[in-house]
$ cat start39.tsv   # TSV, C-alpha atoms
chain	number	residue	atom	x	y	z
A	1	MET	CA	-27.44	2.56	11.68
A	2	GLY	CA	-25.05	1.23	9.04
A	3	ALA	CA	-23.49	-2.21	9.34
A	4	ARG	CA	-20.33	-2.38	11.44
A	5	ARG	CA	-17.39	-4.15	9.83
A	6	ARG	CA	-15.92	-7.06	11.75
A	7	ASP	CA	-13.08	-9.21	10.50
A	8	GLY	CA	-14.45	-12.58	9.46
A	9	ASP	CA	-18.13	-11.54	9.50
A	10	GLY	CA	-19.76	-11.83	6.09
A	11	SER	CA	-23.14	-10.18	6.72
A	12	GLY	CA	-23.72	-6.67	5.45
A	13	GLY	CA	-27.08	-5.69	6.92
A	14	SER	CA	-30.29	-7.05	8.35
A	15	GLY	CA	-32.56	-6.10	5.46
A	16	ARG	CA	-33.43	-8.68	2.85
A	17	GLY	CA	-31.34	-8.17	-0.28
A	18	ALA	CA	-29.03	-5.70	1.44
A	19	VAL	CA	-25.67	-5.27	-0.29
A	20	PRO	CA	-22.82	-6.52	1.97
A	21	LYS	CA	-20.57	-3.70	3.14
A	22	PHE	CA	-17.61	-6.09	3.46
A	23	ARG	CA	-16.59	-9.63	2.69
A	24	ARG	CA	-15.54	-12.51	4.85
A	25	ILE	CA	-11.77	-12.71	5.14
A	26	ALA	CA	-10.35	-16.14	5.82
A	27	ARG	CA	-7.81	-16.46	8.61
A	28	ALA	CA	-5.03	-17.51	6.22
A	29	GLU	CA	-5.79	-14.59	3.91
A	30	ARG	CA	-5.74	-12.12	6.79
A	31	ARG	CA	-2.40	-13.50	7.99
A	32	GLU	CA	-0.94	-13.13	4.49
A	33	ALA	CA	-2.21	-9.54	4.31
A	34	LEU	CA	-0.57	-8.74	7.64
A	35	ILE	CA	2.70	-10.33	6.51
A	36	ALA	CA	2.61	-8.28	3.29
A	37	ALA	CA	1.97	-5.10	5.30
A	38	THR	CA	4.91	-5.98	7.57
A	39	LEU	CA	7.26	-6.36	4.62
A	40	ARG	CA	6.10	-3.04	3.18
A	41	CYS	CA	6.74	-1.33	6.52
A	42	LEU	CA	10.21	-2.82	6.87
A	43	ARG	CA	11.04	-1.82	3.31
A	44	LYS	CA	9.93	1.78	3.87
A	45	TYR	CA	11.00	2.40	7.46
A	46	GLY	CA	13.64	-0.19	8.34
A	47	HIS	CA	13.73	-0.95	12.08
A	48	GLU	CA	11.01	1.59	12.82
A	49	GLY	CA	8.69	-0.40	10.58
A	50	ALA	CA	8.78	-3.36	12.96
A	51	SER	CA	6.35	-1.75	15.41
A	52	VAL	CA	2.85	-3.17	15.68
A	53	ARG	CA	1.47	0.38	15.50
A	54	ARG	CA	3.06	1.05	12.11
A	55	ILE	CA	2.13	-2.36	10.74
A	56	SER	CA	-1.49	-2.07	11.84
A	57	ALA	CA	-1.71	1.38	10.24
A	58	GLU	CA	-0.18	0.03	7.01
A	59	ALA	CA	-2.63	-2.89	6.98
A	60	GLY	CA	-5.60	-0.71	7.95
A	61	VAL	CA	-6.54	-2.84	10.96
A	62	SER	CA	-6.47	-2.51	14.73
A	63	MET	CA	-3.44	-3.55	16.75
A	64	GLY	CA	-5.69	-6.00	18.55
A	65	LEU	CA	-6.36	-7.82	15.30
A	66	ILE	CA	-2.63	-8.42	14.83
A	67	ASN	CA	-2.47	-9.93	18.31
A	68	HIS	CA	-5.45	-12.10	17.39
A	69	HIS	CA	-3.54	-13.66	14.48
A	70	PHE	CA	0.00	-13.64	15.90
A	71	ALA	CA	1.41	-14.24	19.36
A	72	GLY	CA	3.22	-10.91	19.25
A	73	SER	CA	5.35	-8.65	17.10
A	74	ALA	CA	8.26	-11.16	17.06
A	75	SER	CA	5.89	-13.86	15.81
A	76	LEU	CA	4.69	-11.60	13.00
A	77	ILE	CA	8.24	-10.60	12.04
A	78	ALA	CA	9.27	-14.28	12.05
A	79	ALA	CA	6.36	-15.13	9.74
A	80	ALA	CA	7.38	-12.31	7.41
A	81	TYR	CA	11.00	-13.52	7.48
A	82	GLU	CA	9.95	-17.05	6.53
A	83	SER	CA	7.56	-15.85	3.84
A	84	LEU	CA	10.20	-13.73	2.11
A	85	SER	CA	12.97	-16.33	2.48
A	86	VAL	CA	10.87	-19.18	1.12
A	87	ALA	CA	9.70	-17.06	-1.82
A	88	LEU	CA	13.30	-16.28	-2.80
A	89	ILE	CA	14.45	-19.87	-2.28
A	90	ASP	CA	11.55	-21.15	-4.39
A	91	ALA	CA	12.42	-18.68	-7.16
A	92	THR	CA	16.04	-19.84	-7.38
A	93	ARG	CA	14.93	-23.47	-7.09
A	94	ARG	CA	12.51	-23.02	-10.00
A	95	ASP	CA	15.20	-21.45	-12.15
A	96	ALA	CA	17.57	-24.34	-11.42
A	97	ALA	CA	14.83	-26.92	-12.07
A	98	ALA	CA	13.91	-25.28	-15.37
A	99	ALA	CA	17.52	-25.78	-16.44
A	100	ARG	CA	17.76	-29.40	-15.29
A	101	LYS	CA	18.65	-30.57	-18.81
A	102	LEU	CA	21.70	-28.32	-18.83
A	103	GLU	CA	25.14	-29.24	-17.58
A	104	PRO	CA	25.63	-28.76	-13.81
A	105	GLN	CA	27.84	-25.70	-14.23
A	106	ALA	CA	25.23	-24.09	-16.48
A	107	ARG	CA	22.55	-24.83	-13.89
A	108	LEU	CA	24.70	-23.20	-11.24
A	109	GLY	CA	25.07	-20.21	-13.55
A	110	ARG	CA	21.29	-19.91	-13.69
A	111	PHE	CA	21.20	-20.12	-9.91
A	112	PHE	CA	23.72	-17.27	-9.63
A	113	ALA	CA	21.80	-15.15	-12.14
A	114	ALA	CA	18.60	-15.55	-10.11
A	115	SER	CA	20.45	-14.79	-6.86
A	116	PHE	CA	21.82	-11.51	-8.24
A	117	ALA	CA	18.76	-10.47	-10.24
A	118	PRO	CA	17.77	-6.77	-9.91
A	119	GLU	CA	14.86	-7.57	-7.60
A	120	ALA	CA	17.17	-9.56	-5.29
A	121	ILE	CA	19.66	-6.72	-4.78
A	122	GLU	CA	17.16	-3.86	-4.50
A	123	PRO	CA	18.13	-1.55	-1.58
A	124	GLY	CA	14.66	-1.73	-0.01
A	125	LEU	CA	14.97	-5.48	0.22
A	126	PHE	CA	18.32	-5.10	1.98
A	127	ARG	CA	16.65	-2.91	4.62
A	128	ILE	CA	14.21	-5.74	5.31
A	129	TRP	CA	17.02	-8.26	5.77
A	130	LEU	CA	18.89	-5.95	8.13
A	131	VAL	CA	15.87	-5.89	10.44
A	132	PHE	CA	15.56	-9.68	10.35
A	133	TRP	CA	19.25	-10.27	11.03
A	134	SER	CA	19.34	-7.76	13.89
A	135	MET	CA	16.61	-9.74	15.67
A	136	VAL	CA	18.12	-13.22	15.25
A	137	ALA	CA	20.30	-12.98	18.36
A	138	HIS	CA	17.51	-12.14	20.82
A	139	ALA	CA	14.27	-13.51	19.33
A	140	ALA	CA	13.95	-17.31	19.43
A	141	GLU	CA	11.20	-17.49	16.80
A	142	ILE	CA	13.21	-15.42	14.35
A	143	ARG	CA	16.38	-17.38	15.09
A	144	ALA	CA	14.52	-20.63	14.34
A	145	VAL	CA	13.31	-19.25	11.00
A	146	HIS	CA	16.84	-18.06	10.19
A	147	HIS	CA	18.32	-21.52	10.77
A	148	ARG	CA	15.49	-23.31	8.97
A	149	THR	CA	15.58	-21.18	5.83
A	150	ALA	CA	19.39	-21.17	5.76
A	151	GLU	CA	19.25	-24.97	5.70
A	152	GLN	CA	16.76	-24.87	2.83
A	153	HIS	CA	18.99	-22.54	0.82
A	154	ARG	CA	22.05	-24.65	1.55
A	155	ALA	CA	20.16	-27.80	0.48
A	156	VAL	CA	19.46	-26.26	-2.93
A	157	LEU	CA	23.10	-25.31	-3.33
A	158	GLU	CA	24.32	-28.71	-2.15
A	159	GLY	CA	22.04	-30.42	-4.67
A	160	LEU	CA	23.51	-28.38	-7.51
A	161	LEU	CA	27.08	-29.03	-6.36
A	162	ALA	CA	26.39	-32.75	-5.88
A	163	ALA	CA	25.31	-32.96	-9.52
A	164	LEU	CA	28.56	-31.24	-10.51
A	165	ARG	CA	30.56	-33.63	-8.31
A	166	ARG	CA	29.16	-36.64	-10.20
A	167	ARG	CA	30.34	-35.41	-13.60
A	168	PRO	CA	33.30	-37.24	-15.18
A	169	GLY	CA	36.55	-35.33	-14.92
A	170	VAL	CA	35.49	-33.23	-11.95
A	171	ALA	CA	38.02	-33.26	-9.11
A	172	PRO	CA	36.57	-34.87	-5.98
A	173	PHE	CA	35.36	-32.47	-3.30
A	174	ARG	CA	33.20	-32.56	-0.20
A	175	VAL	CA	29.83	-31.13	-1.10
A	176	ALA	CA	28.74	-29.67	2.27
A	177	PRO	CA	31.83	-27.54	3.01
A	178	ALA	CA	32.02	-26.52	-0.66
A	179	ALA	CA	28.41	-25.30	-0.46
A	180	ALA	CA	29.23	-23.38	2.73
A	181	GLY	CA	32.19	-21.68	1.07
A	182	LEU	CA	30.25	-20.79	-2.05
A	183	ALA	CA	27.34	-19.48	0.03
A	184	ALA	CA	29.76	-17.24	1.96
A	185	LEU	CA	31.13	-15.84	-1.30
A	186	MET	CA	27.62	-15.21	-2.60
A	187	ASP	CA	26.53	-13.57	0.65
A	188	GLY	CA	29.50	-11.19	0.61
A	189	LEU	CA	28.90	-10.20	-3.00
A	190	TRP	CA	25.19	-9.78	-2.33
A	191	VAL	CA	25.87	-7.37	0.54
A	192	HIS	CA	28.24	-5.30	-1.60
A	193	LEU	CA	25.73	-5.16	-4.44
A	194	SER	CA	22.86	-4.25	-2.13
A	195	LEU	CA	24.83	-1.39	-0.60
A	196	ASN	CA	26.27	-0.21	-3.90
A	197	PRO	CA	24.76	-1.80	-7.05
A	198	ALA	CA	27.62	-0.44	-9.18
A	199	SER	CA	30.47	-2.08	-7.28
A	200	PRO	CA	30.75	-4.83	-8.24
A	201	THR	CA	28.12	-5.18	-10.91
A	202	ALA	CA	25.76	-8.16	-10.86
A	203	ALA	CA	27.49	-9.50	-13.96
A	204	VAL	CA	30.84	-9.43	-12.17
A	205	ALA	CA	29.34	-11.18	-9.15
A	206	ILE	CA	27.89	-13.94	-11.34
A	207	SER	CA	31.23	-14.32	-13.13
A	208	LEU	CA	33.15	-14.56	-9.84
A	209	CYS	CA	30.85	-17.30	-8.56
A	210	SER	CA	31.07	-19.20	-11.85
A	211	ASP	CA	34.87	-18.93	-11.77
A	212	TRP	CA	34.85	-20.26	-8.19
A	213	VAL	CA	32.84	-23.30	-9.31
A	214	ALA	CA	35.16	-23.89	-12.27
A	215	ALA	CA	38.16	-23.76	-9.91
A	216	LEU	CA	36.43	-26.18	-7.55
A	217	ALA	CA	35.78	-28.62	-10.40
A	218	ALA	CA	39.44	-28.36	-11.43
A	219	GLY	CA	40.67	-29.23	-7.94
A	220	ALA	CA	41.93	-25.76	-6.98
A	221	PHE	CA	40.87	-26.11	-3.34
A	222	PRO	CA	42.83	-28.97	-1.70
A	223	GLY	CA	41.10	-28.34	1.61
A	224	LEU	CA	37.78	-29.34	0.02
A	225	ALA	CA	39.11	-32.57	-1.50
A	226	SER	CA	37.12	-35.67	-0.56
A	227	ARG	CA	38.69	-37.57	2.27
A	228	ALA	CA	37.67	-39.49	5.34
A	229	PRO	CA	37.36	-37.44	8.53
A	230	ALA	CA	40.55	-37.46	10.63
A	231	GLY	CA	38.83	-39.32	13.47
A	232	ALA	CA	37.64	-42.07	11.13
A	233	ALA	CA	41.14	-42.44	9.66
A	234	ARG	CA	42.67	-42.85	13.14
A	235	ALA	CA	40.04	-45.46	14.02
A	236	VAL	CA	40.92	-47.46	10.91
A	237	ARG	CA	44.63	-47.31	11.73
A	238	ARG	CA	44.01	-48.48	15.30
A	239	SER	CA	41.85	-51.40	14.06
A	240	ARG	CA	44.75	-52.58	11.90
A	241	GLN	CA	47.23	-52.64	14.78
A	242	PRO	CA	47.99	-56.10	16.23
$ encode --input "start39.tsv" --output "structure tokens"
Amino acid sequence: MGARRRDGDGSGGSGRGAVPKFRRIARAERREALIAATLRCLRKYGHEGASVRRISAEAGVSMGLINHHFAGSASLIAAAYESLSVALIDATRRDAAAARKLEPQARLGRFFAASFAPEAIEPGLFRIWLVFWSMVAHAAEIRAVHHRTAEQHRAVLEGLLAALRRRPGVAPFRVAPAAAGLAALMDGLWVHLSLNPASPTAAVAISLCSDWVAALAAGAFPGLASRAPAGAARAVRRSRQP
């Protein structure tokens, strides 16, 4: 009888010099293959692609093998969510780092260009995100990934805005709320582009974000001006009273 393939078994036959029918697949490599198959399924089928049956068929493995590597379908979807999010965050981070010798506004422009690149607003990618977002409310693992990767993205944006804030002539502003506002603008534009790439165009989206940053640097948003929190100000006033 021919050799039977088993995941993780590297032998191909009992005879000396027999040619292996398969190769050993490391656990990490198998997990990555399953994550890649999950993303392909979500891209092609949307919510229907989140089923273990479809993913196992896409990966060419048994459903039991998926359960061997992941605690369940939510665990696999969460791993796929984190994998895709981190890849996109790393891409924008690399673009910003490559431009570190540029002025802060130019670095932010590179960040916007990467965020609205054709591969970032491809409709299939939007279908994947819709599945992830729909599961955030009722799947703890996916919700944890959502919060964790959102913090990572916000940290990149805050770092770029903090560099802008330090430049001479820039109006003072609070970095964290400014990053939240800019992220909201980018998210809205990204959704519009993903649903209809022609309205607005990516170039218009990049220009709008750059204009927002220029307005921020010029002091156009009084609500973002640097100031002590109201509670801290009241505490100082009370400490000065006789």
$ atom_distance --input "start39.tsv" --atom1 "CA of Ala140 (chain A)" --atom2 "CA of Ala36 (chain A)"
21.7 Å
$ residues_around --input "start39.tsv" --residues "Ser75 (chain A)" --least-positions-apart "2" --cutoff "12 Å" --atoms "all atoms listed in the file" --output "PDB file with C-alpha atoms, in the frame of the given file"
ATOM      1  CA  ARG A  31      -2.400 -13.500   7.990  1.00  0.00           C
ATOM      2  CA  LEU A  34      -0.570  -8.740   7.640  1.00  0.00           C
ATOM      3  CA  ILE A  35       2.700 -10.330   6.510  1.00  0.00           C
ATOM      4  CA  THR A  38       4.910  -5.980   7.570  1.00  0.00           C
ATOM      5  CA  ALA A  50       8.780  -3.360  12.960  1.00  0.00           C
ATOM      6  CA  VAL A  52       2.850  -3.170  15.680  1.00  0.00           C
ATOM      7  CA  ILE A  66      -2.630  -8.420  14.830  1.00  0.00           C
ATOM      8  CA  ASN A  67      -2.470  -9.930  18.310  1.00  0.00           C
ATOM      9  CA  HIS A  68      -5.450 -12.100  17.390  1.00  0.00           C
ATOM     10  CA  HIS A  69      -3.540 -13.660  14.480  1.00  0.00           C
ATOM     11  CA  PHE A  70       0.000 -13.640  15.900  1.00  0.00           C
ATOM     12  CA  ALA A  71       1.410 -14.240  19.360  1.00  0.00           C
ATOM     13  CA  GLY A  72       3.220 -10.910  19.250  1.00  0.00           C
ATOM     14  CA  SER A  73       5.350  -8.650  17.100  1.00  0.00           C
ATOM     15  CA  ILE A  77       8.240 -10.600  12.040  1.00  0.00           C
ATOM     16  CA  ALA A  78       9.270 -14.280  12.050  1.00  0.00           C
ATOM     17  CA  ALA A  79       6.360 -15.130   9.740  1.00  0.00           C
ATOM     18  CA  ALA A  80       7.380 -12.310   7.410  1.00  0.00           C
ATOM     19  CA  TYR A  81      11.000 -13.520   7.480  1.00  0.00           C
ATOM     20  CA  GLU A  82       9.950 -17.050   6.530  1.00  0.00           C
ATOM     21  CA  PHE A 132      15.560  -9.680  10.350  1.00  0.00           C
ATOM     22  CA  MET A 135      16.610  -9.740  15.670  1.00  0.00           C
ATOM     23  CA  ALA A 139      14.270 -13.510  19.330  1.00  0.00           C
ATOM     24  CA  ALA A 140      13.950 -17.310  19.430  1.00  0.00           C
ATOM     25  CA  GLU A 141      11.200 -17.490  16.800  1.00  0.00           C
ATOM     26  CA  ILE A 142      13.210 -15.420  14.350  1.00  0.00           C
ATOM     27  CA  ARG A 143      16.380 -17.380  15.090  1.00  0.00           C
ATOM     28  CA  ALA A 144      14.520 -20.630  14.340  1.00  0.00           C
ATOM     29  CA  VAL A 145      13.310 -19.250  11.000  1.00  0.00           C
TER      30      VAL A 145
END
$ atom_distance --input "start39.tsv" --atom1 "CA of Ser207 (chain A)" --atom2 "CA of Phe112 (chain A)"
8.8 Å
$ atom_distance --input "start39.tsv" --atom1 "CA of Arg166 (chain A)" --atom2 "CA of Glu103 (chain A)"
11.2 Å
$ residues_near_point --input "start39.tsv" --point "(10.3, -5.0, 3.5)" --cutoff "8 Å" --atoms "only C-alpha atoms" --output "PyMOL selection string"
chain A and resi 38-44+46+124-125+127-129
$ closest_atom_pairs --input "start39.tsv" --of "region 158-196 of chain A" --to "region 215-227 of chain A" --cutoff "8 Å" --atoms "all atoms listed in the file" --output "tab-separated table"
residue	atom	partner	partner_atom	distance
A:Leu164	CA	A:Ala217	CA	7.7
A:Arg165	CA	A:Ala217	CA	7.5
A:Val170	CA	A:Ala217	CA	4.9
A:Ala171	CA	A:Gly219	CA	5.0
A:Pro172	CA	A:Ser226	CA	5.5
A:Phe173	CA	A:Ala225	CA	4.2
A:Arg174	CA	A:Ser226	CA	5.0
A:Pro177	CA	A:Leu224	CA	6.9
A:Ala178	CA	A:Leu224	CA	6.4
$ write_last_selection --input "start39.tsv" --atoms "C-alpha atoms" --output "PDB file, in the frame of the given file"
ATOM      1  CA  LEU A 164      28.560 -31.240 -10.510  1.00  0.00           C
ATOM      2  CA  ARG A 165      30.560 -33.630  -8.310  1.00  0.00           C
ATOM      3  CA  VAL A 170      35.490 -33.230 -11.950  1.00  0.00           C
ATOM      4  CA  ALA A 171      38.020 -33.260  -9.110  1.00  0.00           C
ATOM      5  CA  PRO A 172      36.570 -34.870  -5.980  1.00  0.00           C
ATOM      6  CA  PHE A 173      35.360 -32.470  -3.300  1.00  0.00           C
ATOM      7  CA  ARG A 174      33.200 -32.560  -0.200  1.00  0.00           C
ATOM      8  CA  PRO A 177      31.830 -27.540   3.010  1.00  0.00           C
ATOM      9  CA  ALA A 178      32.020 -26.520  -0.660  1.00  0.00           C
TER      10      ALA A 178
END
$ closest_residue --input "start39.tsv" --among "A:Leu185, A:Ala74, A:Leu88, A:Ala117" --to "Val131 (chain A)" --atoms "only C-alpha atoms"
A:Ala74
$ residues_around --input "start39.tsv" --residues "Leu195 (chain A)" --least-positions-apart "6" --cutoff "9 Å" --atoms "all atoms listed in the file" --output "list in words"
Ile121, Glu122, Pro123 and Phe126 of chain A
$ closest_residue --input "start39.tsv" --among "A:Ser56, A:Ala28, A:Leu76, A:Leu108" --to "Glu158 (chain A)" --atoms "only C-alpha atoms"
A:Leu108
